[in-house]
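**Student:** First, the structure itself, so that you have it in front of you.
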Amino acid sequence: MLQIELQHQLGAFSLDLNITLESGLTVLFGPSGAGKTSVIHAVAGLLTPRFGRIVLGDRVLLDTQQRVHVPTHQREFAYIFQDPRLFPHLSVLENLRYGQRFLGARPALAAFDATIDTLGIGHLLARRPMALSGGEKQRVAIGRALLSSPRLILADEPLAALDEPRKDELLRVFERIRDVLNIPIVYVTHSSAEVARLADRVVRLDQGRVLAQYAGERRAQADAVEVVTDTLELTGRVIRRLNATEVEVHLEEQLIRLQDDQALPGEWVVVCVEATSMRVQRR
């Protein structure tokens with residue numbers, strides 16, 4: 001169980017929340033500027049709030065009133081950024097072994113060879129990061145995080161910089177981590193598609209406040225999130241350009257004509273449907 005109580009001011013933005021997260025994968029969901037990254041920065045120890053208390057299990061990591069502040073490197077967490085942040089002068093193998101340096105006396109949650117197999121990166125071990133694709137780099141970053149046997153994984157929009165096929169591959173990786181390794185995960189995103197695939201529970205944030213929380217079946221959560229969000233995101237592939245301002249997109253098993261003056265055939269696009277453009281009808 002992770003307890004997070006925070007109050008903090010960042011310029012004109014204020015953060016004020018109190019949430020308790022059970023084990024499993026929790027998605028912090030909301031638009032840009034909602035406070036999602038600020039929350040996990042505080043959990044990681046990268047942000048010290050004006051007032052806060054953070055407890056994982058029976059271990060107090062932060063209590064500003066009692067002047068308790070466990071340093072980031074002692075919290076035994078793994079942080080997966082949008083940018084993989086691999087060491088460019090080390091090979092993939094050396095980057096992965098670096099994660100094991102933080103294992104300490106804790107037992108390994110996953111064997112090295114099993115982690116490599118799960119991520120499908122065995123053929124990359126001798127390469128340097130500059131020779132990897134974006135998806136390959138993120139797989140290595142995830143492997144490095146897992147090999148540190150963290151008590152908690154913090155993932156800050158880890159798929160945002162990837163194209164749709166790579167996103168789908170890594171969503172399957174996160175599903176395996178969630179279902180097999182049983183490591184608690186706090187996952188930041190503003191993509192309803194990622195919520196639908198991954199979330200055991202959803203905490204919806206906006207302007208530094210908790211607007212709603214959902215738990216239970218993942219499909220029910222996704223439906224709930226889509227109802228309360230202002231925009232529904234759907235992913236499709238551009239089939240062809242119709243003219244200078246329109247394209248045909250394969251979306252949700254349908255071919256749809258959309259306004260766009262830049263997308264090229266074969267590209268993956270995200271189609272945003274405003275809530276004011278939708279209505280719900282019972283069958």
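Chain lettering (A, B, ...) mirrors the order of the structure tokens, residue numbering begins at 1 for each chain separately, and ligand numbering begins at 1 in order of display.
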Would you write out, as CSV, a table of all residues in stretch 3-74 of chain A that have an atom no more than 9 Å from an atom of stretch 177-182 of chain A, listing for each the closest atom pair and the distance in Å to one decimal, considering only C-alpha atoms and ordering rows by chain and rising residue number?

**Tutor:**
residue,atom,partner,partner_atom,distance
A:Ser23,CA,A:Asn182,CA,8.1
A:Gly24,CA,A:Arg178,CA,6.5
A:Leu25,CA,A:Arg178,CA,6.4

**Student:** Would you list the contacts of A:His89 as number ranges by chain, taking every protein, DNA or RNA residue within 12 Å and counting only C-alpha atoms, but skipping same-chain residues closer than 4 positions in sequence?

**Tutor:** A: 85, 93-95, 126-131

**Student:** Keeping only C-alpha atoms, take the residues you just selected and write them out as a short mmCIF file (atom, residue, chain, number, x, y, z; two decimals), in the first residue's frame.

**Tutor:**
data_model
loop_
_atom_site.label_atom_id
_atom_site.label_comp_id
_atom_site.auth_asym_id
_atom_site.auth_seq_id
_atom_site.Cartn_x
_atom_site.Cartn_y
_atom_site.Cartn_z
CA ARG A 85 18.36 7.78 -20.26
CA LEU A 93 24.71 -5.55 -21.29
CA GLU A 94 26.61 -3.03 -19.17
CA ASN A 95 23.55 -0.80 -18.86
CA ALA A 126 26.74 -6.01 -27.40
CA ARG A 127 25.33 -2.81 -28.93
CA ARG A 128 25.64 0.75 -27.66
CA PRO A 129 22.48 2.85 -27.16
CA MET A 130 23.17 4.98 -30.24
CA ALA A 131 22.69 1.84 -32.38
#

**Student:** When you count only C-alpha atoms, which of these residues is closest to A:Gly52: A:Val68, A:Leu6, A:Ala12, A:Val210?

**Tutor:**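 Smallest distance to A:Gly52 is found for A:Leu6.
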
**Student:** Mind checking which residues fall within 9 Å of A:Phe81, counting only C-alpha atoms, ignoring those fewer than 6 positions away in the same chain, and posting them as a ChimeraX atom specification?

**Tutor:** /A:138,141,154-158

**Student:** Print the selection's residues with C-alpha atoms to a file, as a compact mmCIF listing (two decimals), in the first residue's frame.

**Tutor:**
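again.txt was written with the following content:
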# COMPACT_ATOMS: atom_id res chain seq x y z
CA GLN A 138 12.98 1.74 -23.83
CA ALA A 141 15.55 0.95 -19.74
CA LEU A 154 7.38 4.79 -11.34
CA ALA A 155 6.73 5.18 -15.08
CA ASP A 156 6.34 8.71 -16.44
CA GLU A 157 4.67 8.50 -19.88
CA PRO A 158 7.18 5.81 -20.95

**Student:** Counting only C-alpha atoms, figure out which residue out of A:Glu136, A:Asp117, A:Asp261, A:Glu5 gets nearest to A:Leu61.

**Tutor:**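 Distance minimum relative to A:Leu61 lands on A:Glu5.
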
**Student:** Could you name the residues that touch A:Lys137 at 12 Å or less, counting only C-alpha atoms, but leaving out those on the same chain fewer than 4 positions away, as an mmCIF file with N, CA and C atoms, in the first residue's frame?

**Tutor:**
data_model
loop_
_atom_site.group_PDB
_atom_site.id
_atom_site.type_symbol
_atom_site.label_atom_id
_atom_site.label_comp_id
_atom_site.auth_asym_id
_atom_site.auth_seq_id
_atom_site.Cartn_x
_atom_site.Cartn_y
_atom_site.Cartn_z
ATOM 1 N N ILE A 80 11.127 4.946 -14.622
ATOM 2 C CA ILE A 80 11.235 4.806 -16.069
ATOM 3 C C ILE A 80 10.720 6.094 -16.701
ATOM 4 N N PHE A 81 11.620 6.829 -17.343
ATOM 5 C CA PHE A 81 11.280 8.115 -17.936
ATOM 6 C C PHE A 81 10.792 7.935 -19.378
ATOM 7 N N GLN A 82 10.231 8.997 -19.936
ATOM 8 C CA GLN A 82 9.888 9.006 -21.353
ATOM 9 C C GLN A 82 11.149 8.864 -22.199
ATOM 10 N N ASP A 83 12.215 9.529 -21.784
ATOM 11 C CA ASP A 83 13.538 9.386 -22.391
ATOM 12 C C ASP A 83 14.243 8.235 -21.671
ATOM 13 N N PRO A 84 14.688 7.197 -22.385
ATOM 14 C CA PRO A 84 15.270 6.029 -21.723
ATOM 15 C C PRO A 84 16.469 6.310 -20.816
ATOM 16 N N ARG A 85 17.239 7.359 -21.106
ATOM 17 C CA ARG A 85 18.357 7.779 -20.262
ATOM 18 C C ARG A 85 19.374 6.651 -20.017
ATOM 19 N N LEU A 86 19.748 5.976 -21.091
ATOM 20 C CA LEU A 86 20.794 4.955 -21.001
ATOM 21 C C LEU A 86 22.160 5.634 -21.021
ATOM 22 N N PHE A 87 23.153 4.950 -20.461
ATOM 23 C CA PHE A 87 24.514 5.471 -20.508
ATOM 24 C C PHE A 87 25.083 5.226 -21.906
ATOM 25 N N PRO A 88 25.394 6.283 -22.662
ATOM 26 C CA PRO A 88 25.796 6.093 -24.059
ATOM 27 C C PRO A 88 27.132 5.391 -24.228
ATOM 28 N N SER A 91 27.605 -0.582 -23.150
ATOM 29 C CA SER A 91 26.819 -1.466 -23.999
ATOM 30 C C SER A 91 25.476 -1.754 -23.330
ATOM 31 N N VAL A 92 24.576 -2.391 -24.067
ATOM 32 C CA VAL A 92 23.285 -2.793 -23.484
ATOM 33 C C VAL A 92 23.511 -3.690 -22.277
ATOM 34 N N ASN A 95 24.652 -1.587 -19.383
ATOM 35 C CA ASN A 95 23.546 -0.797 -18.855
ATOM 36 C C ASN A 95 22.641 -1.658 -17.980
ATOM 37 N N LEU A 96 22.379 -2.882 -18.410
ATOM 38 C CA LEU A 96 21.533 -3.784 -17.636
ATOM 39 C C LEU A 96 22.207 -4.173 -16.320
ATOM 40 N N LEU A 119 11.945 -9.397 -22.375
ATOM 41 C CA LEU A 119 12.024 -8.153 -23.129
ATOM 42 C C LEU A 119 12.457 -8.339 -24.581
ATOM 43 N N GLY A 120 12.942 -9.536 -24.910
ATOM 44 C CA GLY A 120 13.362 -9.808 -26.280
ATOM 45 C C GLY A 120 14.543 -8.982 -26.729
ATOM 46 N N ILE A 121 15.539 -8.827 -25.839
ATOM 47 C CA ILE A 121 16.692 -7.967 -26.165
ATOM 48 C C ILE A 121 18.010 -8.737 -26.137
ATOM 49 N N LEU A 124 20.696 -7.760 -28.569
ATOM 50 C CA LEU A 124 21.165 -6.377 -28.518
ATOM 51 C C LEU A 124 22.289 -6.162 -27.512
ATOM 52 N N LEU A 125 22.679 -7.185 -26.774
ATOM 53 C CA LEU A 125 23.541 -7.011 -25.604
ATOM 54 C C LEU A 125 24.881 -6.345 -25.912
ATOM 55 N N ARG A 127 25.466 -4.123 -28.286
ATOM 56 C CA ARG A 127 25.329 -2.815 -28.927
ATOM 57 C C ARG A 127 25.405 -1.670 -27.922
ATOM 58 N N ARG A 128 25.716 -0.476 -28.450
ATOM 59 C CA ARG A 128 25.643 0.748 -27.664
ATOM 60 C C ARG A 128 24.276 1.406 -27.915
ATOM 61 N N PRO A 129 23.794 2.229 -27.002
ATOM 62 C CA PRO A 129 22.478 2.851 -27.158
ATOM 63 C C PRO A 129 22.271 3.586 -28.477
ATOM 64 N N MET A 130 23.332 4.216 -29.009
ATOM 65 C CA MET A 130 23.168 4.977 -30.243
ATOM 66 C C MET A 130 22.796 4.082 -31.430
ATOM 67 N N ALA A 131 23.018 2.775 -31.301
ATOM 68 C CA ALA A 131 22.690 1.842 -32.380
ATOM 69 C C ALA A 131 21.320 1.211 -32.197
ATOM 70 N N LEU A 132 20.533 1.695 -31.239
ATOM 71 C CA LEU A 132 19.219 1.121 -30.947
ATOM 72 C C LEU A 132 18.103 2.027 -31.443
ATOM 73 N N SER A 133 16.952 1.424 -31.752
ATOM 74 C CA SER A 133 15.756 2.198 -32.064
ATOM 75 C C SER A 133 15.143 2.712 -30.762
ATOM 76 N N ALA A 141 15.814 0.159 -20.945
ATOM 77 C CA ALA A 141 15.555 0.954 -19.738
ATOM 78 C C ALA A 141 14.632 0.206 -18.779
ATOM 79 N N ILE A 142 13.635 -0.472 -19.311
ATOM 80 C CA ILE A 142 12.728 -1.265 -18.472
ATOM 81 C C ILE A 142 13.485 -2.427 -17.840
ATOM 82 N N GLY A 143 14.345 -3.080 -18.630
ATOM 83 C CA GLY A 143 15.142 -4.186 -18.093
ATOM 84 C C GLY A 143 16.055 -3.732 -16.977
ATOM 85 N N ARG A 144 16.710 -2.602 -17.150
ATOM 86 C CA ARG A 144 17.588 -2.059 -16.101
ATOM 87 C C ARG A 144 16.794 -1.796 -14.826
ATOM 88 N N PRO A 158 6.046 6.511 -20.332
ATOM 89 C CA PRO A 158 7.177 5.811 -20.945
ATOM 90 C C PRO A 158 6.987 5.488 -22.429
ATOM 91 N N LEU A 159 5.766 5.615 -22.947
ATOM 92 C CA LEU A 159 5.518 5.263 -24.350
ATOM 93 C C LEU A 159 5.246 6.485 -25.221
ATOM 94 N N ALA A 161 6.956 8.796 -26.593
ATOM 95 C CA ALA A 161 7.833 9.153 -27.717
ATOM 96 C C ALA A 161 7.874 8.074 -28.800
ATOM 97 N N LEU A 162 7.051 7.028 -28.673
ATOM 98 C CA LEU A 162 7.124 5.892 -29.596
ATOM 99 C C LEU A 162 5.964 5.907 -30.582
ATOM 100 N N ARG A 166 5.368 0.228 -31.800
ATOM 101 C CA ARG A 166 6.282 0.066 -30.660
ATOM 102 C C ARG A 166 5.523 0.210 -29.341
ATOM 103 N N LEU A 170 5.410 -2.585 -26.197
ATOM 104 C CA LEU A 170 5.781 -2.290 -24.819
ATOM 105 C C LEU A 170 4.591 -2.346 -23.870
#

**Student:** Quick one: pick out all helix (DSSP H, G or I) residues within stretch 18-179 of chain A from a backbone DSSP run and write them as a PDB file with C-alpha atoms, in the first residue's frame.

**Tutor:**
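Output contents, as saved in states_2.pdb:
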ATOM      1  CA  LYS A  36       0.820  13.773 -12.606  1.00  0.00           C
ATOM      2  CA  THR A  37       4.596  14.135 -12.923  1.00  0.00           C
ATOM      3  CA  SER A  38       4.792  16.298  -9.806  1.00  0.00           C
ATOM      4  CA  VAL A  39       3.183  13.484  -7.815  1.00  0.00           C
ATOM      5  CA  ILE A  40       5.641  10.810  -8.896  1.00  0.00           C
ATOM      6  CA  HIS A  41       8.562  13.213  -8.538  1.00  0.00           C
ATOM      7  CA  ALA A  42       7.510  13.637  -4.909  1.00  0.00           C
ATOM      8  CA  VAL A  43       7.198   9.856  -4.482  1.00  0.00           C
ATOM      9  CA  ALA A  44      10.663   9.400  -5.999  1.00  0.00           C
ATOM     10  CA  THR A  72      16.026   9.188  -3.599  1.00  0.00           C
ATOM     11  CA  HIS A  73      18.808   6.582  -3.875  1.00  0.00           C
ATOM     12  CA  GLN A  74      17.649   4.906  -0.644  1.00  0.00           C
ATOM     13  CA  VAL A  92      23.285  -2.793 -23.484  1.00  0.00           C
ATOM     14  CA  LEU A  93      24.705  -5.552 -21.291  1.00  0.00           C
ATOM     15  CA  GLU A  94      26.615  -3.033 -19.168  1.00  0.00           C
ATOM     16  CA  ASN A  95      23.546  -0.797 -18.855  1.00  0.00           C
ATOM     17  CA  LEU A  96      21.533  -3.784 -17.636  1.00  0.00           C
ATOM     18  CA  ARG A  97      24.231  -4.854 -15.154  1.00  0.00           C
ATOM     19  CA  TYR A  98      24.249  -1.303 -13.812  1.00  0.00           C
ATOM     20  CA  GLY A  99      20.705  -1.863 -12.577  1.00  0.00           C
ATOM     21  CA  GLN A 100      21.892  -4.829 -10.524  1.00  0.00           C
ATOM     22  CA  PHE A 112      18.856 -11.881 -15.536  1.00  0.00           C
ATOM     23  CA  ASP A 113      18.331 -14.358 -18.387  1.00  0.00           C
ATOM     24  CA  ALA A 114      14.566 -14.446 -17.817  1.00  0.00           C
ATOM     25  CA  THR A 115      14.404 -10.651 -17.925  1.00  0.00           C
ATOM     26  CA  ILE A 116      16.330 -10.591 -21.206  1.00  0.00           C
ATOM     27  CA  ASP A 117      13.994 -13.207 -22.691  1.00  0.00           C
ATOM     28  CA  THR A 118      10.865 -11.382 -21.509  1.00  0.00           C
ATOM     29  CA  LEU A 119      12.024  -8.153 -23.129  1.00  0.00           C
ATOM     30  CA  GLY A 122      19.177 -10.851 -26.112  1.00  0.00           C
ATOM     31  CA  HIS A 123      20.453  -9.968 -29.588  1.00  0.00           C
ATOM     32  CA  LEU A 124      21.165  -6.377 -28.518  1.00  0.00           C
ATOM     33  CA  PRO A 129      22.478   2.851 -27.158  1.00  0.00           C
ATOM     34  CA  MET A 130      23.168   4.977 -30.243  1.00  0.00           C
ATOM     35  CA  ALA A 131      22.690   1.842 -32.380  1.00  0.00           C
ATOM     36  CA  GLY A 134      13.507   4.131 -29.700  1.00  0.00           C
ATOM     37  CA  GLY A 135      11.549   1.012 -28.761  1.00  0.00           C
ATOM     38  CA  GLU A 136      14.728  -0.995 -28.173  1.00  0.00           C
ATOM     39  CA  LYS A 137      16.147   1.710 -25.911  1.00  0.00           C
ATOM     40  CA  GLN A 138      12.984   1.743 -23.831  1.00  0.00           C
ATOM     41  CA  ARG A 139      13.080  -2.057 -23.490  1.00  0.00           C
ATOM     42  CA  VAL A 140      16.620  -1.795 -22.147  1.00  0.00           C
ATOM     43  CA  ALA A 141      15.555   0.954 -19.738  1.00  0.00           C
ATOM     44  CA  ILE A 142      12.728  -1.265 -18.472  1.00  0.00           C
ATOM     45  CA  GLY A 143      15.142  -4.186 -18.093  1.00  0.00           C
ATOM     46  CA  ARG A 144      17.588  -2.059 -16.101  1.00  0.00           C
ATOM     47  CA  ALA A 145      14.730  -1.004 -13.827  1.00  0.00           C
ATOM     48  CA  LEU A 146      13.544  -4.581 -13.258  1.00  0.00           C
ATOM     49  CA  LEU A 147      17.036  -5.878 -12.500  1.00  0.00           C
ATOM     50  CA  GLU A 164       1.968   2.953 -32.384  1.00  0.00           C
ATOM     51  CA  PRO A 165       3.498  -0.465 -33.243  1.00  0.00           C
ATOM     52  CA  ARG A 166       6.282   0.066 -30.660  1.00  0.00           C
ATOM     53  CA  LYS A 167       3.736   1.248 -28.113  1.00  0.00           C
ATOM     54  CA  ASP A 168       1.758  -1.944 -28.567  1.00  0.00           C
ATOM     55  CA  GLU A 169       4.882  -4.073 -28.050  1.00  0.00           C
ATOM     56  CA  LEU A 170       5.781  -2.290 -24.819  1.00  0.00           C
ATOM     57  CA  LEU A 171       2.206  -2.339 -23.546  1.00  0.00           C
ATOM     58  CA  ARG A 172       2.502  -6.134 -23.668  1.00  0.00           C
ATOM     59  CA  VAL A 173       5.731  -5.868 -21.644  1.00  0.00           C
ATOM     60  CA  PHE A 174       4.026  -3.778 -18.968  1.00  0.00           C
ATOM     61  CA  GLU A 175       1.141  -6.248 -18.906  1.00  0.00           C
ATOM     62  CA  ARG A 176       3.594  -9.080 -18.170  1.00  0.00           C
ATOM     63  CA  ILE A 177       5.292  -7.049 -15.421  1.00  0.00           C
ATOM     64  CA  ARG A 178       1.896  -6.312 -13.873  1.00  0.00           C
ATOM     65  CA  ASP A 179       0.614  -9.894 -14.065  1.00  0.00           C
TER      66      ASP A 179
END

**Student:** List every residue of stretch 72-157 of chain A that DSSP, applied to the backbone of this structure, places in strand (DSSP E), and write the result as an mmCIF file with N, CA and C atoms, in the first residue's frame.

**Tutor:**
data_model
loop_
_atom_site.group_PDB
_atom_site.id
_atom_site.type_symbol
_atom_site.label_atom_id
_atom_site.label_comp_id
_atom_site.auth_asym_id
_atom_site.auth_seq_id
_atom_site.Cartn_x
_atom_site.Cartn_y
_atom_site.Cartn_z
ATOM 1 N N PHE A 77 13.336 2.446 -5.374
ATOM 2 C CA PHE A 77 12.358 2.548 -6.447
ATOM 3 C C PHE A 77 13.086 2.519 -7.786
ATOM 4 N N ALA A 78 12.347 2.210 -8.837
ATOM 5 C CA ALA A 78 12.850 2.353 -10.208
ATOM 6 C C ALA A 78 11.990 3.389 -10.914
ATOM 7 N N TYR A 79 12.646 4.278 -11.649
ATOM 8 C CA TYR A 79 11.943 5.341 -12.357
ATOM 9 C C TYR A 79 12.195 5.150 -13.854
ATOM 10 N N ILE A 80 11.127 4.946 -14.622
ATOM 11 C CA ILE A 80 11.235 4.806 -16.069
ATOM 12 C C ILE A 80 10.720 6.094 -16.701
ATOM 13 N N LEU A 152 8.971 -0.547 -5.932
ATOM 14 C CA LEU A 152 7.931 0.190 -6.646
ATOM 15 C C LEU A 152 8.515 0.696 -7.955
ATOM 16 N N ILE A 153 7.735 0.637 -9.032
ATOM 17 C CA ILE A 153 8.142 1.200 -10.316
ATOM 18 C C ILE A 153 7.322 2.451 -10.583
ATOM 19 N N LEU A 154 8.011 3.543 -10.918
ATOM 20 C CA LEU A 154 7.375 4.786 -11.339
ATOM 21 C C LEU A 154 7.636 4.939 -12.832
ATOM 22 N N ALA A 155 6.590 5.066 -13.620
ATOM 23 C CA ALA A 155 6.730 5.176 -15.075
ATOM 24 C C ALA A 155 6.055 6.458 -15.539
ATOM 25 N N ASP A 156 6.851 7.392 -16.062
ATOM 26 C CA ASP A 156 6.341 8.711 -16.444
ATOM 27 C C ASP A 156 6.181 8.796 -17.958
#

**Student:** Extract, using only C-alpha atoms, all DNA, RNA and protein residues at most 12 Å from A:Leu255, discarding same-chain residues fewer than 3 positions from it, and format them as a PyMOL selection string.

**Tutor:** chain A and resi 236-240+247-252+258

**Student:** For stretch 197-205 of chain A, please output as a PDB file with C-alpha atoms, in the first residue's frame all residues within 7 Å (counting only C-alpha atoms; exclusion window: fewer than 4 positions along the same chain).

**Tutor:**
ATOM      1  CA  GLY A  24      -1.068  -3.541  -8.748  1.00  0.00           C
ATOM      2  CA  LEU A  25      -0.822  -0.983 -11.522  1.00  0.00           C
ATOM      3  CA  THR A  26      -2.240   2.461 -10.799  1.00  0.00           C
ATOM      4  CA  VAL A  27      -2.575   4.971 -13.602  1.00  0.00           C
ATOM      5  CA  LEU A  28      -2.363   8.682 -12.862  1.00  0.00           C
ATOM      6  CA  PHE A  29      -4.480  10.010 -15.693  1.00  0.00           C
ATOM      7  CA  GLY A  30      -5.202  13.531 -16.860  1.00  0.00           C
ATOM      8  CA  ALA A  34      -2.652  18.140 -14.201  1.00  0.00           C
ATOM      9  CA  GLY A  35       0.114  17.396 -11.699  1.00  0.00           C
ATOM     10  CA  LYS A  36       0.820  13.773 -12.606  1.00  0.00           C
ATOM     11  CA  GLU A 175       1.141  -6.248 -18.906  1.00  0.00           C
ATOM     12  CA  ALA A 193      -5.864   3.584 -24.711  1.00  0.00           C
ATOM     13  CA  ARG A 209      -6.502  17.808  -7.488  1.00  0.00           C
ATOM     14  CA  VAL A 210      -8.030  14.324  -7.556  1.00  0.00           C
ATOM     15  CA  LEU A 211     -11.223  14.493  -9.608  1.00  0.00           C
ATOM     16  CA  ALA A 212     -12.138  10.805  -9.495  1.00  0.00           C
ATOM     17  CA  GLN A 213     -10.820   7.311  -8.729  1.00  0.00           C
ATOM     18  CA  TYR A 214     -11.806   4.019 -10.345  1.00  0.00           C
ATOM     19  CA  ALA A 215     -11.024   0.408  -9.469  1.00  0.00           C
ATOM     20  CA  GLY A 216     -12.207  -3.015 -10.549  1.00  0.00           C
ATOM     21  CA  ARG A 218     -10.002  -2.761 -16.489  1.00  0.00           C
TER      22      ARG A 218
END

**Student:** Could you pull the residues within 10 Å of A:Gln65, counting only C-alpha atoms, minus those fewer than 6 positions along the same chain, as a short mmCIF file (atom, residue, chain, number, x, y, z; two decimals) with N, CA and C atoms, in the first residue's frame?

**Tutor:**
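Dumped to around.cif:
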data_model
loop_
_atom_site.label_atom_id
_atom_site.label_comp_id
_atom_site.auth_asym_id
_atom_site.auth_seq_id
_atom_site.Cartn_x
_atom_site.Cartn_y
_atom_site.Cartn_z
N ARG A 50 5.97 21.35 0.16
CA ARG A 50 5.86 22.20 1.34
C ARG A 50 5.31 21.40 2.53
N PHE A 51 4.31 20.56 2.25
CA PHE A 51 3.78 19.64 3.24
C PHE A 51 3.56 18.30 2.56
N GLY A 52 3.96 17.22 3.23
CA GLY A 52 3.73 15.93 2.62
C GLY A 52 4.02 14.77 3.55
N ARG A 53 3.39 13.66 3.24
CA ARG A 53 3.65 12.40 3.93
C ARG A 53 3.48 11.28 2.90
#

**Student:** Using only C-alpha atoms for the distances, tell me which of A:Ile185, A:Leu17, A:Leu2, A:Val195 is nearest to A:Gly208.

**Tutor:**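 Checking each candidate against A:Gly208, we get A:Leu17 as the closest.
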
**Student:** Pick from A:Gln259, A:Thr189, A:Thr20, A:Ser32: nearest to A:Ile54, with only C-alpha atoms counted?

**Tutor:** A:Thr20

**Student:** Quick one: pull the distance between atom CA of A:Pro150 and atom CA of A:Val60, Å, one decimal.

**Tutor:**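 Value for the atom CA of A:Pro150-atom CA of A:Val60 distance: 16.2 Å.
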